[in-house]
Every structure is written in C-alpha cells, then in structure tokens.
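Worksheet for the structure shown next.
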Amino acid sequence: MQSFDPHQINFPRPARTGELVTVGRVEDVPEGRGATVELKSGAQLALFHVAGSFYAVGNTCPHRGAPLADGSLCGTTVECDWHGWRFDLKTGACLTHASDAVETYEVVIEDGWIKIKV
Ligand code: FES
C-alpha cells in the first residue's frame, strides 16, 4: 500500500491578488451554514455565515482534503466531516493539530453582496 503524505498534495489555492470578488447575496448563505465558492481559477473557498458575520477559508482540509464547506459549525469553529479536525474560522488555526491551518480570507458585505478579498 502506498503511503499518504497530505503535505505533498497540490491542492488548488487562490492566488492572492487583493481583488474583491463578488460571490453572492447574503441571503444565499443561511445562518449557521457553509457554502462552497468556486473562483474563476477553479480554486475553492469555504464561506460560512455565523451570527450575522461571514468567514471565508480555504475549502480543502489539510488532513486528507475534505471540503470544509461541508463541515459542521459550532460558533466560529468548523469541524471537518471526514475525521473531525476542527478549525477556527477567524484565524484559520487548526484546533486539532496545531501545525496545520487553513488560509483565511477577508469578507466584505456591501449592499447585501458578499465579496471576498482573494
Ligand atoms: S480530511 Fe480528515 S479531518 Fe478533514
């Protein structure tokens, strides 16, 4: 059996351009839910709506690549559905394995539109 090293996987990550990308309306992401955002580049972000605030992180769990948008929310923590690793949506820190983290992205709400700074 071939060994698996998650750090050797080339997960697609958004290029950091500073561009504000409009991804949808606030009503598109219900309170307490996550949504997958696919950028033009094909890279994916996970967008979450928590108590009126929105958070965006890379959508790929650094453990084995699960989509974090499908994870379970508890406050501003998302728990990966595959093996339970937990991430702080404000900082991207992994609360399960301190050496792993996900990137965070600023979310701006303008006139009901959700915009993510990539
Ligand atoms: S893929 Fe294993 S915890 Fe996310």
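Residues in the structure tokens are named by chain (A, B, ... in the order shown) and by number from 1 within that chain; ligands are numbered from 1 in the order shown.
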Near A:Val108, within 10 Å and counting only C-alpha atoms, which residues show up once chain neighbours fewer than 4 positions away are dropped, as a PDB file with N, CA and C atoms, in the first residue's frame?
ATOM      1  N   LEU A  20     -11.312  42.125  -4.747  1.00  0.00           N
ATOM      2  CA  LEU A  20     -12.574  41.811  -4.080  1.00  0.00           C
ATOM      3  C   LEU A  20     -13.462  41.091  -5.095  1.00  0.00           C
ATOM      4  N   VAL A  21     -13.783  39.852  -4.806  1.00  0.00           N
ATOM      5  CA  VAL A  21     -14.582  39.043  -5.724  1.00  0.00           C
ATOM      6  C   VAL A  21     -15.996  38.913  -5.162  1.00  0.00           C
ATOM      7  N   THR A  22     -16.983  39.321  -5.927  1.00  0.00           N
ATOM      8  CA  THR A  22     -18.383  39.186  -5.517  1.00  0.00           C
ATOM      9  C   THR A  22     -18.809  37.741  -5.720  1.00  0.00           C
ATOM     10  N   SER A  53     -22.184  37.315  10.770  1.00  0.00           N
ATOM     11  CA  SER A  53     -20.862  37.569  10.196  1.00  0.00           C
ATOM     12  C   SER A  53     -20.517  36.457   9.210  1.00  0.00           C
ATOM     13  N   PHE A  54     -19.691  36.801   8.249  1.00  0.00           N
ATOM     14  CA  PHE A  54     -19.278  35.843   7.233  1.00  0.00           C
ATOM     15  C   PHE A  54     -17.769  35.612   7.326  1.00  0.00           C
ATOM     16  N   TYR A  55     -17.362  34.364   7.131  1.00  0.00           N
ATOM     17  CA  TYR A  55     -15.955  33.981   7.202  1.00  0.00           C
ATOM     18  C   TYR A  55     -15.625  33.129   5.979  1.00  0.00           C
ATOM     19  N   GLY A 112     -25.659  44.178   0.663  1.00  0.00           N
ATOM     20  CA  GLY A 112     -26.196  42.820   0.617  1.00  0.00           C
ATOM     21  C   GLY A 112     -25.397  41.848  -0.227  1.00  0.00           C
ATOM     22  N   TRP A 113     -24.337  42.312  -0.843  1.00  0.00           N
ATOM     23  CA  TRP A 113     -23.482  41.437  -1.649  1.00  0.00           C
ATOM     24  C   TRP A 113     -22.304  40.945  -0.812  1.00  0.00           C
ATOM     25  N   ILE A 114     -21.988  39.681  -0.943  1.00  0.00           N
ATOM     26  CA  ILE A 114     -20.822  39.114  -0.263  1.00  0.00           C
ATOM     27  C   ILE A 114     -19.636  39.209  -1.200  1.00  0.00           C
ATOM     28  N   LYS A 115     -18.582  39.841  -0.698  1.00  0.00           N
ATOM     29  CA  LYS A 115     -17.357  39.969  -1.503  1.00  0.00           C
ATOM     30  C   LYS A 115     -16.195  39.407  -0.680  1.00  0.00           C
ATOM     31  N   ILE A 116     -15.361  38.633  -1.328  1.00  0.00           N
ATOM     32  CA  ILE A 116     -14.205  38.033  -0.662  1.00  0.00           C
ATOM     33  C   ILE A 116     -12.944  38.604  -1.268  1.00  0.00           C
ATOM     34  N   LYS A 117     -12.033  39.058  -0.391  1.00  0.00           N
ATOM     35  CA  LYS A 117     -10.750  39.575  -0.855  1.00  0.00           C
ATOM     36  C   LYS A 117      -9.805  38.393  -1.048  1.00  0.00           C
TER      37      LYS A 117
END
Please report, as a Markdown table, each residue of chain A lying at most 10 Å from ligand 1, together with the nearest pair of atoms and the separation in Å rounded to one decimal; use only C-alpha atoms and all ligand atoms, and order rows by chain and ascending residue number.
| residue | atom | partner | partner_atom_place_in_ligand_line | distance |
| --- | --- | --- | --- | --- |
| A:Pro6 | CA | ligand 1 | 1 (S) | 9.4 |
| A:Thr60 | CA | ligand 1 | 4 (Fe) | 7.9 |
| A:Cys61 | CA | ligand 1 | 4 (Fe) | 4.7 |
| A:Pro62 | CA | ligand 1 | 4 (Fe) | 6.6 |
| A:His63 | CA | ligand 1 | 2 (Fe) | 4.6 |
| A:Arg64 | CA | ligand 1 | 1 (S) | 3.8 |
| A:Gly65 | CA | ligand 1 | 1 (S) | 4.9 |
| A:Ala66 | CA | ligand 1 | 1 (S) | 4.4 |
| A:Pro67 | CA | ligand 1 | 4 (Fe) | 7.6 |
| A:Leu68 | CA | ligand 1 | 4 (Fe) | 7.3 |
| A:Gly71 | CA | ligand 1 | 4 (Fe) | 8.7 |
| A:Glu79 | CA | ligand 1 | 3 (S) | 7.7 |
| A:Cys80 | CA | ligand 1 | 4 (Fe) | 4.6 |
| A:Asp81 | CA | ligand 1 | 4 (Fe) | 6.5 |
| A:Trp82 | CA | ligand 1 | 2 (Fe) | 4.9 |
| A:His83 | CA | ligand 1 | 3 (S) | 3.8 |
| A:Gly84 | CA | ligand 1 | 3 (S) | 4.8 |
| A:Trp85 | CA | ligand 1 | 3 (S) | 4.2 |
| A:Arg86 | CA | ligand 1 | 3 (S) | 7.6 |
| A:Phe87 | CA | ligand 1 | 4 (Fe) | 9.8 |
| A:Thr96 | CA | ligand 1 | 3 (S) | 8.9 |
| A:His97 | CA | ligand 1 | 3 (S) | 9.9 |
Exercise for the section: Go through A:Val29, A:Ala35, A:Leu73, A:Ala15 one by one, measure the shortest atom-to-atom distance of each to A:Glu103 using only C-alpha atoms, and give the residue with the smallest value. Expected result: A:Ala15
Practice task
To one decimal in Å, tell me the separation between atom CA of A:Gly58 and atom CA of A:Tyr105.
Solution key: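 Answer for the atom CA of A:Gly58 to atom CA of A:Tyr105 separation: 8.0 Å.
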Handout entry: Pick from A:Glu106, A:Asp111, A:Asp70, A:Asp88 nearest to A:Thr36, counting only C-alpha atoms
Key =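 The answer is A:Asp70, which sits nearest to A:Thr36.
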Fill in the blank from the handout: Closest of A:Ala93, A:Ala46, A:Val37, A:Val107 to A:Ala69, counting only C-alpha atoms, is A:Ala46
Problem - Given only C-alpha atoms as the counted atoms, nearest of A:Asp28, A:Ala43, A:Ile109, A:Glu38 to A:Pro14 - result: A:Ala43
Exercise for the section: Apply DSSP to the backbone of this structure and, from stretch 64-118 of chain A, keep only the residues in strand (DSSP E); write these as a list in words. Expected result: Ser72, Leu73, Cys74, Thr77, Val78, Glu79, Arg86, Phe87, Asp88, Thr104, Tyr105, Val107, Val108, Ile109, Glu110, Trp113, Ile114, Lys115, Ile116 and Lys117 of chain A
